[in-house]
file entry-v2.txt (compact mmCIF, C-alpha atoms and all ligand atoms)
# COMPACT_ATOMS: atom_id res chain seq x y z
CA MET A 1 -7.24 5.02 -28.28
CA SER A 2 -8.59 1.95 -26.41
CA LEU A 3 -9.38 2.24 -22.69
CA GLN A 4 -6.56 -0.24 -22.00
CA LYS A 5 -4.02 2.00 -23.77
CA LYS A 6 -5.36 5.10 -21.98
CA ILE A 7 -5.03 3.44 -18.56
CA ILE A 8 -1.50 2.19 -19.29
CA LYS A 9 -0.48 5.69 -20.38
CA LEU A 10 -2.06 7.28 -17.31
CA LEU A 11 -0.51 4.83 -14.85
CA LYS A 12 2.84 4.78 -16.71
CA VAL A 13 3.23 1.00 -16.60
CA LYS A 14 6.01 -0.48 -18.74
CA PRO A 15 5.50 -3.87 -20.42
CA ILE A 16 9.02 -4.98 -19.49
CA ILE A 17 11.22 -3.73 -16.66
CA LYS A 18 14.78 -4.23 -15.45
CA PRO A 19 14.55 -4.66 -11.66
CA GLU A 20 17.90 -2.99 -10.88
CA ILE A 21 16.87 0.10 -12.89
CA GLU A 22 13.47 0.32 -11.17
CA ILE A 23 15.05 -0.15 -7.74
CA ASN A 24 17.49 2.71 -8.38
CA ASN A 25 14.67 4.81 -9.79
CA CYS A 26 12.60 4.38 -6.58
CA ILE A 27 15.59 5.08 -4.32
CA ASN A 28 16.59 8.21 -6.24
CA PHE A 29 13.00 9.41 -6.30
CA LEU A 30 12.73 9.15 -2.49
CA LYS A 31 16.24 10.49 -1.92
CA ASN A 32 15.81 13.53 -4.16
CA TYR A 33 12.49 14.38 -2.57
CA LEU A 34 13.94 14.27 0.94
CA LEU A 35 16.99 16.31 -0.06
CA GLN A 36 14.77 18.93 -1.68
CA HIS A 37 12.70 19.23 1.51
CA LEU A 38 15.22 19.55 4.31
CA ASN A 39 12.52 19.83 6.99
CA LEU A 40 11.83 16.11 6.41
CA LYS A 41 14.08 13.64 8.21
CA SER A 42 12.31 10.31 8.17
CA LEU A 43 10.39 7.88 6.00
CA ILE A 44 7.44 6.03 7.55
CA VAL A 45 5.78 2.82 6.37
CA GLY A 46 3.27 0.40 7.91
CA ILE A 47 4.70 -3.10 7.65
CA SER A 48 2.00 -5.76 7.30
CA GLY A 49 3.99 -8.87 6.37
CA GLY A 50 2.63 -8.61 2.80
CA GLN A 51 4.52 -8.13 -0.47
CA ASP A 52 4.01 -4.40 -1.03
CA SER A 53 5.07 -3.09 2.37
CA THR A 54 8.05 -5.49 2.43
CA LEU A 55 9.25 -3.96 -0.85
CA ILE A 56 8.60 -0.34 0.15
CA GLY A 57 10.16 -0.92 3.60
CA LYS A 58 13.35 -2.28 2.03
CA LEU A 59 13.55 0.56 -0.53
CA CYS A 60 13.08 3.14 2.24
CA GLN A 61 15.79 1.62 4.44
CA ILE A 62 18.26 1.55 1.53
CA THR A 63 17.37 5.16 0.66
CA ILE A 64 17.91 6.40 4.20
CA GLU A 65 21.25 4.56 4.50
CA LYS A 66 22.35 6.20 1.25
CA ILE A 67 21.30 9.67 2.43
CA ARG A 68 23.04 9.20 5.78
CA SER A 69 26.25 8.14 4.08
CA GLU A 70 26.15 11.01 1.55
CA THR A 71 25.11 13.80 3.94
CA LYS A 72 26.75 12.47 7.15
CA ASP A 73 23.54 13.55 8.84
CA ILE A 74 22.64 10.86 11.36
CA ASN A 75 19.19 12.34 11.96
CA TYR A 76 17.79 10.66 8.84
CA GLN A 77 15.94 7.46 9.71
CA PHE A 78 13.48 4.90 8.42
CA ILE A 79 10.63 4.07 10.79
CA ALA A 80 8.82 0.77 10.28
CA LEU A 81 5.40 0.70 11.92
CA ARG A 82 3.75 -2.42 13.25
CA LEU A 83 0.02 -1.64 13.26
CA PRO A 84 -1.87 -4.83 14.10
CA TYR A 85 -5.54 -4.97 14.90
CA GLY A 86 -5.33 -7.18 18.00
CA ILE A 87 -3.29 -10.25 17.19
CA GLN A 88 -2.07 -10.62 13.62
CA TYR A 89 -2.56 -14.03 11.97
CA ASP A 90 0.54 -13.63 9.82
CA GLU A 91 2.74 -12.43 12.68
CA ASN A 92 5.65 -14.65 11.51
CA ASP A 93 5.62 -13.09 8.02
CA CYS A 94 5.71 -9.68 9.61
CA LYS A 95 8.76 -10.66 11.67
CA ASP A 96 10.42 -12.13 8.56
CA ALA A 97 9.72 -8.92 6.63
CA LEU A 98 11.31 -6.84 9.38
CA ASN A 99 14.34 -9.15 9.51
CA PHE A 100 14.74 -8.67 5.76
CA ILE A 101 14.30 -4.88 5.91
CA CYS A 102 16.45 -4.27 9.05
CA PRO A 103 14.77 -0.91 9.79
CA ASP A 104 16.51 1.78 11.83
CA CYS A 105 13.50 1.93 14.12
CA ILE A 106 10.38 -0.19 14.71
CA LEU A 107 7.34 1.27 16.45
CA TYR A 108 4.35 -0.82 17.52
CA VAL A 109 0.86 0.64 17.81
CA ASN A 110 -2.12 -1.68 18.21
CA ILE A 111 -5.08 -0.05 16.45
CA LYS A 112 -7.78 -2.25 18.00
CA ASP A 113 -8.80 -0.01 20.94
CA ALA A 114 -9.09 3.06 18.71
CA VAL A 115 -11.22 1.24 16.11
CA LEU A 116 -13.50 -0.29 18.78
CA SER A 117 -13.86 3.06 20.47
CA SER A 118 -14.84 4.69 17.18
CA GLU A 119 -17.37 1.91 16.50
CA LYS A 120 -18.86 2.45 19.99
CA SER A 121 -19.14 6.23 19.56
CA LEU A 122 -20.89 5.78 16.21
CA LYS A 123 -23.27 3.27 17.78
CA LYS A 124 -24.21 5.83 20.43
CA SER A 125 -25.37 8.08 17.58
CA GLY A 126 -27.36 5.25 16.07
CA ILE A 127 -24.85 4.43 13.33
CA ILE A 128 -24.03 0.73 13.14
CA ILE A 129 -21.02 -0.10 10.98
CA SER A 130 -20.77 -3.45 9.16
CA ASP A 131 -17.71 -5.66 9.34
CA TYR A 132 -16.78 -4.37 5.84
CA ILE A 133 -17.03 -0.69 6.83
CA LYS A 134 -15.11 -1.45 10.01
CA GLY A 135 -12.40 -2.91 7.77
CA ASN A 136 -12.06 0.45 6.01
CA GLU A 137 -11.97 2.13 9.44
CA LYS A 138 -8.96 -0.03 10.31
CA ALA A 139 -7.16 1.21 7.19
CA ARG A 140 -8.02 4.82 8.10
CA GLU A 141 -6.89 4.34 11.69
CA ARG A 142 -3.55 3.09 10.35
CA MET A 143 -3.33 6.20 8.16
CA LYS A 144 -4.05 8.39 11.20
CA VAL A 145 -1.34 6.73 13.31
CA GLN A 146 1.19 7.12 10.48
CA TYR A 147 0.42 10.86 10.23
CA SER A 148 0.69 11.34 14.01
CA ILE A 149 4.12 9.73 13.94
CA ALA A 150 5.11 11.67 10.80
CA ALA A 151 4.24 14.93 12.57
CA VAL A 152 6.38 14.07 15.59
CA LYS A 153 9.29 12.58 13.64
CA LYS A 154 9.44 15.05 10.70
CA GLY A 155 8.40 12.18 8.51
CA LEU A 156 6.99 11.44 5.10
CA VAL A 157 4.30 8.73 4.89
CA VAL A 158 5.34 6.40 2.10
CA GLY A 159 2.55 4.59 0.26
CA THR A 160 2.70 0.99 -0.93
CA GLY A 161 0.14 1.48 -3.70
CA HIS A 162 0.96 0.11 -7.15
CA ALA A 163 -0.70 0.13 -10.56
CA ALA A 164 -2.64 -3.13 -10.04
CA GLU A 165 -4.33 -1.56 -7.00
CA THR A 166 -4.79 1.85 -8.61
CA ILE A 167 -6.51 0.47 -11.71
CA THR A 168 -9.00 -1.55 -9.63
CA GLY A 169 -9.42 1.08 -6.88
CA PHE A 170 -8.55 -1.69 -4.45
CA PHE A 171 -7.57 0.45 -1.49
CA THR A 172 -9.39 2.40 1.18
CA LYS A 173 -9.94 6.03 0.26
CA TYR A 174 -7.92 8.14 2.75
CA GLY A 175 -6.87 4.87 4.41
CA ASP A 176 -3.96 3.04 2.78
CA GLY A 177 -4.67 5.39 -0.13
CA GLY A 178 -3.83 8.38 2.11
CA THR A 179 -0.08 8.87 1.80
CA ASP A 180 2.53 11.49 0.87
CA ILE A 181 4.64 9.76 -1.75
CA ASN A 182 4.20 6.53 -3.74
CA PRO A 183 7.43 5.16 -5.24
CA ILE A 184 6.02 2.01 -6.90
CA ALA A 185 2.88 3.57 -8.40
CA ARG A 186 4.00 2.70 -11.95
CA LEU A 187 4.70 -0.99 -11.21
CA ASN A 188 2.23 -3.86 -11.36
CA LYS A 189 2.12 -6.69 -8.83
CA ARG A 190 4.54 -9.08 -10.56
CA GLN A 191 7.00 -6.29 -11.30
CA GLY A 192 7.07 -5.58 -7.54
CA ARG A 193 7.78 -9.27 -7.00
CA LEU A 194 10.71 -9.05 -9.43
CA LEU A 195 12.19 -6.16 -7.43
CA LEU A 196 11.92 -8.16 -4.19
CA LYS A 197 13.60 -11.16 -5.83
CA HIS A 198 16.43 -8.90 -6.99
CA LEU A 199 16.77 -7.59 -3.44
CA ASN A 200 17.16 -11.18 -2.14
CA CYS A 201 13.93 -11.16 -0.18
CA PRO A 202 12.84 -14.54 1.29
CA LYS A 203 10.64 -16.20 -1.34
CA HIS A 204 7.67 -16.88 0.92
CA LEU A 205 7.16 -13.12 1.35
CA TYR A 206 6.82 -12.33 -2.34
CA PHE A 207 4.94 -15.52 -3.27
CA LYS A 208 2.42 -14.94 -0.49
CA LYS A 209 -1.15 -14.45 -1.69
CA PRO A 210 -2.04 -10.73 -1.47
CA MET A 211 -4.63 -9.90 1.18
CA ALA A 212 -5.99 -6.73 2.76
CA ASP A 213 -7.01 -8.69 5.87
CA LEU A 214 -9.47 -6.05 7.04
CA GLU A 215 -12.59 -8.09 7.72
CA GLU A 216 -12.98 -9.88 11.04
CA LYS A 217 -15.53 -12.34 9.71
CA ASN A 218 -13.32 -13.28 6.74
CA PRO A 219 -9.76 -13.25 8.08
CA GLN A 220 -7.00 -13.48 5.49
CA LYS A 221 -9.46 -13.32 2.60
CA GLU A 222 -7.43 -13.21 -0.60
CA ASP A 223 -7.71 -10.01 -2.69
CA GLU A 224 -8.30 -12.02 -5.87
CA SER A 225 -11.48 -13.59 -4.48
CA VAL A 226 -12.88 -10.10 -3.83
CA LEU A 227 -11.71 -8.63 -7.14
CA GLY A 228 -13.09 -11.50 -9.20
CA VAL A 229 -9.94 -11.53 -11.33
CA THR A 230 -6.36 -12.59 -10.64
CA TYR A 231 -3.41 -10.20 -10.27
CA ASP A 232 -1.73 -12.13 -13.06
CA ILE A 233 -4.50 -11.11 -15.44
CA ILE A 234 -4.57 -7.51 -14.15
CA ASP A 235 -0.79 -7.37 -14.63
CA SER A 236 -1.09 -8.68 -18.20
CA TYR A 237 -3.74 -6.05 -18.96
CA LEU A 238 -1.42 -3.36 -17.57
CA GLU A 239 1.42 -4.67 -19.74
CA GLY A 240 -0.78 -4.19 -22.81
CA LYS A 241 -1.41 -7.89 -23.40
CA LYS A 242 -4.63 -9.28 -24.78
CA ILE A 243 -6.69 -10.92 -22.03
CA ASP A 244 -10.00 -12.80 -22.03
CA ILE A 245 -13.09 -10.67 -22.56
CA ILE A 246 -14.74 -11.45 -19.17
CA SER A 247 -11.65 -10.38 -17.20
CA LYS A 248 -11.30 -7.29 -19.40
CA LYS A 249 -14.89 -6.32 -18.56
CA ILE A 250 -14.34 -6.87 -14.82
CA ILE A 251 -11.14 -4.78 -14.79
CA GLU A 252 -12.61 -1.93 -16.82
CA ARG A 253 -15.78 -1.87 -14.70
CA LEU A 254 -13.68 -1.69 -11.53
CA TYR A 255 -11.60 1.09 -13.09
CA LEU A 256 -14.61 3.19 -14.12
CA ASN A 257 -16.48 2.68 -10.83
CA THR A 258 -13.52 3.81 -8.74
CA SER A 259 -12.43 6.88 -10.70
CA HIS A 260 -13.25 9.10 -7.68
CA LYS A 261 -10.46 7.38 -5.75
CA ARG A 262 -7.77 8.42 -8.20
CA HIS A 263 -8.03 12.18 -7.72
CA GLY A 264 -8.63 14.69 -4.94
CA PRO A 265 -12.07 15.84 -3.75
CA ILE A 266 -14.53 16.72 -6.50
CA THR A 267 -14.92 20.45 -7.06
CA GLN A 268 -17.15 22.49 -9.33
N1 LIG B 1 -18.88 8.45 -7.22
C1 LIG B 1 -18.26 8.88 -6.12
N2 LIG B 1 -17.69 10.09 -6.12
C2 LIG B 1 -17.02 10.54 -5.03
N3 LIG B 1 -16.89 9.82 -3.90
C3 LIG B 1 -17.44 8.60 -3.85
C4 LIG B 1 -18.14 8.08 -4.95
N4 LIG B 1 -18.57 6.83 -4.64
C5 LIG B 1 -18.17 6.59 -3.38
N5 LIG B 1 -17.48 7.66 -2.88
C6 LIG B 1 -16.87 7.80 -1.54
O1 LIG B 1 -15.96 6.72 -1.37
C7 LIG B 1 -16.31 5.96 -0.22
C8 LIG B 1 -15.99 4.49 -0.49
O2 LIG B 1 -14.60 4.29 -0.64
P1 LIG B 1 -13.83 3.42 0.44
O3 LIG B 1 -14.08 3.96 1.80
O4 LIG B 1 -12.42 3.28 0.00
O5 LIG B 1 -14.59 2.02 0.42
P2 LIG B 1 -14.71 0.84 -0.65
O6 LIG B 1 -14.20 1.22 -1.99
O7 LIG B 1 -16.08 0.31 -0.55
O8 LIG B 1 -13.79 -0.27 0.01
C9 LIG B 1 -12.41 -0.36 -0.16
C10 LIG B 1 -12.06 -1.64 -0.86
O9 LIG B 1 -10.66 -1.74 -0.97
C11 LIG B 1 -10.25 -2.94 -0.35
N6 LIG B 1 -8.98 -2.68 0.29
C12 LIG B 1 -8.90 -1.77 1.31
C13 LIG B 1 -7.66 -1.54 1.89
C14 LIG B 1 -6.54 -2.23 1.41
C15 LIG B 1 -6.69 -3.09 0.35
C16 LIG B 1 -5.51 -3.79 -0.23
O10 LIG B 1 -5.43 -5.00 -0.27
O11 LIG B 1 -4.67 -3.08 -0.73
C17 LIG B 1 -7.93 -3.31 -0.20
C18 LIG B 1 -11.31 -3.32 0.63
O12 LIG B 1 -11.25 -4.69 0.92
C19 LIG B 1 -12.53 -2.88 -0.13
O13 LIG B 1 -12.92 -3.85 -1.06
C20 LIG B 1 -17.78 6.21 -0.01
O14 LIG B 1 -18.14 5.98 1.33
C21 LIG B 1 -17.91 7.67 -0.42
O15 LIG B 1 -17.53 8.50 0.65
N1 LIG B 2 -1.26 -5.10 10.00
C1 LIG B 2 -0.69 -4.06 9.44
N2 LIG B 2 0.35 -3.43 10.03
C2 LIG B 2 0.95 -2.36 9.46
N3 LIG B 2 0.59 -1.86 8.27
C3 LIG B 2 -0.42 -2.45 7.63
C4 LIG B 2 -1.12 -3.58 8.16
N4 LIG B 2 -2.07 -3.95 7.28
C5 LIG B 2 -1.97 -3.09 6.23
N5 LIG B 2 -0.99 -2.19 6.44
C6 LIG B 2 -0.56 -1.12 5.52
O1 LIG B 2 -1.54 -0.98 4.48
C7 LIG B 2 -0.92 -1.24 3.21
C8 LIG B 2 -1.93 -1.82 2.23
O2 LIG B 2 -2.16 -3.16 2.49
P1 LIG B 2 -1.96 -4.23 1.33
O3 LIG B 2 -2.56 -5.50 1.80
O4 LIG B 2 -2.39 -3.65 0.05
O5 LIG B 2 -0.37 -4.38 1.18
P2 LIG B 2 0.63 -5.49 1.71
O6 LIG B 2 0.00 -6.22 2.85
O7 LIG B 2 1.90 -4.79 1.99
O8 LIG B 2 0.84 -6.44 0.46
P3 LIG B 2 -0.21 -7.51 -0.16
O9 LIG B 2 -1.09 -6.69 -1.09
O10 LIG B 2 0.66 -8.42 -0.94
O11 LIG B 2 -0.99 -8.15 0.94
C9 LIG B 2 0.26 -2.12 3.55
O12 LIG B 2 1.23 -2.11 2.54
C10 LIG B 2 0.75 -1.50 4.85
O13 LIG B 2 1.53 -0.35 4.62
MG MG B 3 -1.75 -7.24 2.74
call {"tool": "encode", "arguments": {"input": "entry-v2.txt", "output": "structure tokens", "more": "lines below"}}
Ligand SMILES: Nc1ncnc2c1ncn2[C@@H]1O[C@H](COP(=O)(O)OP(=O)(O)OC[C@H]2O[C@@H]([n+]3cccc(C(=O)O)c3)[C@H](O)[C@@H]2O)[C@@H](O)[C@H]1O
Ligand SMILES: Nc1ncnc2c1ncn2[C@@H]1O[C@H](COP(=O)(O)OP(=O)(O)OP(=O)(O)O)[C@@H](O)[C@H]1O
Ligand SMILES: [Mg+2]
result
Amino acid sequence: MSLQKKIIKLLKVKPIIKPEIEINNCINFLKNYLLQHLNLKSLIVGISGGQDSTLIGKLCQITIEKIRSETKDINYQFIALRLPYGIQYDENDCKDALNFICPDCILYVNIKDAVLSSEKSLKKSGIIISDYIKGNEKARERMKVQYSIAAVKKGLVVGTGHAAETITGFFTKYGDGGTDINPIARLNKRQGRLLLKHLNCPKHLYFKKPMADLEEKNPQKEDESVLGVTYDIIDSYLEGKKIDIISKKIIERLYLNTSHKRHGPITQ
């Protein structure tokens, strides 16, 4: 079996999807998990103003509304987290995403002081972190805040990771990769876009160029410029299509180099 076929099988990506079916699949997946674990009462997602968190935020809000209506238990809630590092460049997109999602609750925690404090403490021990490493610290600080809130609010941290990120390892280990449940893991980037379109999301949110926006020296750097390959090509690869040989090599190298990110800690 070719590596492409193995990856597709492992990540469970379908070549063609029906958005309404995938939306219901995600909602039922989240709903069933919550109803099987009655100690959990909330879903928690960091909302960045980007495509993935807009989709997951909307799916979580719909799920919670459904559970509330079926169980008559008003304690179930969706908590959208604003987690900027200082001032966010795409603040307006974030507001638009929240208007689209209409979350039960919005909490705002600025992660800048915590990240700077961590950088300062490391410096005192002689460890100087680069702008790139500091970017990963931001992602881990966001993870930490989400888990603090989950602990207080009986929550489940919902991940926004999808197959185009998983295959390339394009996430911070134990940062945005550190979550409890990932409803869109089997979708690629353009399939996520299809779901948002079906949910009547404002176009500018799902046509926005994907960006991690973690580096201070390169604000709003597009993911594709870091990856060296476009999401469109990654998506085609994941759908089993034939792509050009250079892109295939880039994707498969990224996949093989990041295998440690797709499982738990290495044991003997
Ligand atoms: N072979 C190996 N076996 C086991 N563990 C290994 C390992 N190699 C490194 N490691 C560990 O992994 C660490 C490196 O992993 P990590 O800390 O993740 O760091 P790294 O993979 O270098 O950086 C994360 C990348 O994801 C991008 N990102 C982050 C967040 C969000 C998004 C987004 O748009 O979605 C993208 C970010 O821009 C960056 O390019 C090492 O410090 C080491 O501890
Ligand atoms: N400023 C932020 N505020 C809150 N959460 C954030 C912020 N930045 C990143 N996150 C969280 O980290 C996740 C990973 O970031 P990522 O950039 O992959 O996704 P996105 O911004 O939702 O979509 P896109 O990939 O299209 O930019 C986000 O989905 C979100 O949950
Ligand atoms: Mg983003």
call {"tool": "residues_near_ligand", "arguments": {"input": "entry-v2.txt", "ligand": "ligand MG 3 (chain B)", "cutoff": "6 Å", "atoms": "only C-alpha atoms and all ligand atoms", "output": "PyMOL selection string"}}
result
chain A and resi 50+210-212
call {"tool": "write_last_selection", "arguments": {"input": "entry-v2.txt", "atoms": "C-alpha atoms", "output": "PDB file, in the coordinates of the input"}}
result
ATOM      1  CA  GLY A  50       2.630  -8.610   2.800  1.00  0.00           C
ATOM      2  CA  PRO A 210      -2.040 -10.730  -1.470  1.00  0.00           C
ATOM      3  CA  MET A 211      -4.630  -9.900   1.180  1.00  0.00           C
ATOM      4  CA  ALA A 212      -5.990  -6.730   2.760  1.00  0.00           C
TER       5      ALA A 212
END
call {"tool": "residues_around", "arguments": {"input": "entry-v2.txt", "residues": "region 102-112 of chain A", "least_positions_apart": "4", "cutoff": "7 Å", "atoms": "only C-alpha atoms", "output": "list in words"}}
result
Gln61, Gln77, Phe78, Ile79, Ala80, Leu81, Arg82, Leu83, Pro84, Tyr85, Gly86, Leu98, Leu116 and Glu141 of chain A
call {"tool": "residues_near_ligand", "arguments": {"input": "entry-v2.txt", "ligand": "ligand LIG 2 (chain B)", "cutoff": "8 Å", "atoms": "only C-alpha atoms and all ligand atoms", "output": "PyMOL selection string"}}
result
chain A and resi 45-56+81-85+88+139+142+159-161+165+170-171+175-176+206+208-214+223
call {"tool": "closest_residue", "arguments": {"input": "entry-v2.txt", "among": "A:Leu3, A:Gly169, A:Leu43, A:Asn99", "to": "Ser259 (chain A)", "atoms": "all atoms listed in the file"}}
result
A:Gly169
call {"tool": "residues_around", "arguments": {"input": "entry-v2.txt", "residues": "region 5-22 of chain A", "least_positions_apart": "5", "cutoff": "12 Å", "atoms": "all atoms listed in the file", "output": "NGL selection string"}}
result
:A and (27-29 or 55 or 59 or 161-168 or 183-200 or 234-242 or 251-252 or 255-256 or 259 or 262)
call {"tool": "closest_residue", "arguments": {"input": "entry-v2.txt", "among": "A:Pro265, A:Gly155, A:Gly135, A:Gly126", "to": "Cys60 (chain A)", "atoms": "all atoms listed in the file"}}
result
A:Gly155
call {"tool": "atom_distance", "arguments": {"input": "entry-v2.txt", "atom1": "CA of Ile133 (chain A)", "atom2": "CA of Ala150 (chain A)"}}
result
25.7 Å
call {"tool": "atom_distance", "arguments": {"input": "entry-v2.txt", "atom1": "CA of Asp180 (chain A)", "atom2": "CA of Val157 (chain A)"}}
result
5.2 Å
call {"tool": "atom_distance", "arguments": {"input": "entry-v2.txt", "atom1": "atom C21 of ligand LIG 1 (chain B)", "atom2": "CA of Asn257 (chain A)"}}
result
11.6 Å
call {"tool": "axis_aligned_box", "arguments": {"input": "entry-v2.txt", "around": "ligand LIG 1 (chain B)", "padding_each_side": "3 Å", "output": "JSON"}}
result
{"center_x": -11.8, "center_y": 2.8, "center_z": -2.7, "size_x": 20.2, "size_y": 21.5, "size_z": 15.1}
call {"tool": "closest_residue", "arguments": {"input": "entry-v2.txt", "among": "A:His37, A:Ser130, A:Glu70, A:Tyr76", "to": "Lys217 (chain A)", "atoms": "all atoms listed in the file"}}
result
A:Ser130
call {"tool": "decode", "arguments": {"input": "entry-v2.txt", "residues": "region 4-25 of chain A", "atoms": "N, CA and C atoms", "output": "PDB file, in the first residue's frame"}}
result
ATOM      1  N   GLN A   4       0.558   7.319   0.772  1.00  0.00           N
ATOM      2  CA  GLN A   4      -0.640   8.163   0.656  1.00  0.00           C
ATOM      3  C   GLN A   4      -1.880   7.391   1.117  1.00  0.00           C
ATOM      4  N   LYS A   5      -2.015   6.169   0.639  1.00  0.00           N
ATOM      5  CA  LYS A   5      -3.197   5.344   1.000  1.00  0.00           C
ATOM      6  C   LYS A   5      -3.196   5.034   2.496  1.00  0.00           C
ATOM      7  N   LYS A   6      -1.996   4.755   3.043  1.00  0.00           N
ATOM      8  CA  LYS A   6      -1.887   4.438   4.472  1.00  0.00           C
ATOM      9  C   LYS A   6      -2.337   5.632   5.312  1.00  0.00           C
ATOM     10  N   ILE A   7      -1.868   6.827   4.921  1.00  0.00           N
ATOM     11  CA  ILE A   7      -2.206   8.044   5.682  1.00  0.00           C
ATOM     12  C   ILE A   7      -3.715   8.301   5.627  1.00  0.00           C
ATOM     13  N   ILE A   8      -4.281   8.163   4.425  1.00  0.00           N
ATOM     14  CA  ILE A   8      -5.719   8.416   4.260  1.00  0.00           C
ATOM     15  C   ILE A   8      -6.525   7.462   5.141  1.00  0.00           C
ATOM     16  N   LYS A   9      -6.077   6.206   5.177  1.00  0.00           N
ATOM     17  CA  LYS A   9      -6.773   5.192   5.980  1.00  0.00           C
ATOM     18  C   LYS A   9      -6.666   5.535   7.474  1.00  0.00           C
ATOM     19  N   LEU A  10      -5.462   5.917   7.867  1.00  0.00           N
ATOM     20  CA  LEU A  10      -5.206   6.249   9.276  1.00  0.00           C
ATOM     21  C   LEU A  10      -6.019   7.475   9.726  1.00  0.00           C
ATOM     22  N   LEU A  11      -6.056   8.491   8.860  1.00  0.00           N
ATOM     23  CA  LEU A  11      -6.740   9.736   9.250  1.00  0.00           C
ATOM     24  C   LEU A  11      -8.237   9.718   8.918  1.00  0.00           C
ATOM     25  N   LYS A  12      -8.662   8.682   8.209  1.00  0.00           N
ATOM     26  CA  LYS A  12     -10.088   8.458   7.887  1.00  0.00           C
ATOM     27  C   LYS A  12     -10.710   9.589   7.048  1.00  0.00           C
ATOM     28  N   VAL A  13      -9.918  10.110   6.115  1.00  0.00           N
ATOM     29  CA  VAL A  13     -10.443  11.191   5.268  1.00  0.00           C
ATOM     30  C   VAL A  13     -11.226  10.593   4.102  1.00  0.00           C
ATOM     31  N   LYS A  14     -12.400  11.210   3.832  1.00  0.00           N
ATOM     32  CA  LYS A  14     -13.205  10.731   2.694  1.00  0.00           C
ATOM     33  C   LYS A  14     -12.935  11.625   1.491  1.00  0.00           C
ATOM     34  N   PRO A  15     -12.938  11.062   0.276  1.00  0.00           N
ATOM     35  CA  PRO A  15     -12.673  11.904  -0.898  1.00  0.00           C
ATOM     36  C   PRO A  15     -13.806  12.895  -1.178  1.00  0.00           C
ATOM     37  N   ILE A  16     -15.018  12.492  -0.832  1.00  0.00           N
ATOM     38  CA  ILE A  16     -16.184  13.367  -1.054  1.00  0.00           C
ATOM     39  C   ILE A  16     -17.041  13.333   0.207  1.00  0.00           C
ATOM     40  N   ILE A  17     -17.525  14.499   0.607  1.00  0.00           N
ATOM     41  CA  ILE A  17     -18.396  14.520   1.803  1.00  0.00           C
ATOM     42  C   ILE A  17     -19.706  15.245   1.502  1.00  0.00           C
ATOM     43  N   LYS A  18     -20.703  14.969   2.320  1.00  0.00           N
ATOM     44  CA  LYS A  18     -21.949  15.746   2.273  1.00  0.00           C
ATOM     45  C   LYS A  18     -21.945  16.584   3.552  1.00  0.00           C
ATOM     46  N   PRO A  19     -21.872  17.921   3.428  1.00  0.00           N
ATOM     47  CA  PRO A  19     -21.721  18.750   4.630  1.00  0.00           C
ATOM     48  C   PRO A  19     -22.761  18.487   5.712  1.00  0.00           C
ATOM     49  N   GLU A  20     -24.039  18.317   5.304  1.00  0.00           N
ATOM     50  CA  GLU A  20     -25.077  18.149   6.344  1.00  0.00           C
ATOM     51  C   GLU A  20     -24.850  16.864   7.135  1.00  0.00           C
ATOM     52  N   ILE A  21     -24.344  15.828   6.447  1.00  0.00           N
ATOM     53  CA  ILE A  21     -24.077  14.551   7.136  1.00  0.00           C
ATOM     54  C   ILE A  21     -22.905  14.730   8.112  1.00  0.00           C
ATOM     55  N   GLU A  22     -21.862  15.402   7.664  1.00  0.00           N
ATOM     56  CA  GLU A  22     -20.676  15.602   8.523  1.00  0.00           C
ATOM     57  C   GLU A  22     -21.005  16.502   9.713  1.00  0.00           C
ATOM     58  N   ILE A  23     -21.858  17.491   9.488  1.00  0.00           N
ATOM     59  CA  ILE A  23     -22.254  18.384  10.593  1.00  0.00           C
ATOM     60  C   ILE A  23     -22.991  17.564  11.652  1.00  0.00           C
ATOM     61  N   ASN A  24     -23.960  16.772  11.211  1.00  0.00           N
ATOM     62  CA  ASN A  24     -24.720  15.932  12.167  1.00  0.00           C
ATOM     63  C   ASN A  24     -23.821  14.933  12.867  1.00  0.00           C
ATOM     64  N   ASN A  25     -22.873  14.396  12.119  1.00  0.00           N
ATOM     65  CA  ASN A  25     -21.916  13.439  12.682  1.00  0.00           C
ATOM     66  C   ASN A  25     -21.130  14.094  13.839  1.00  0.00           C
TER      67      ASN A  25
END
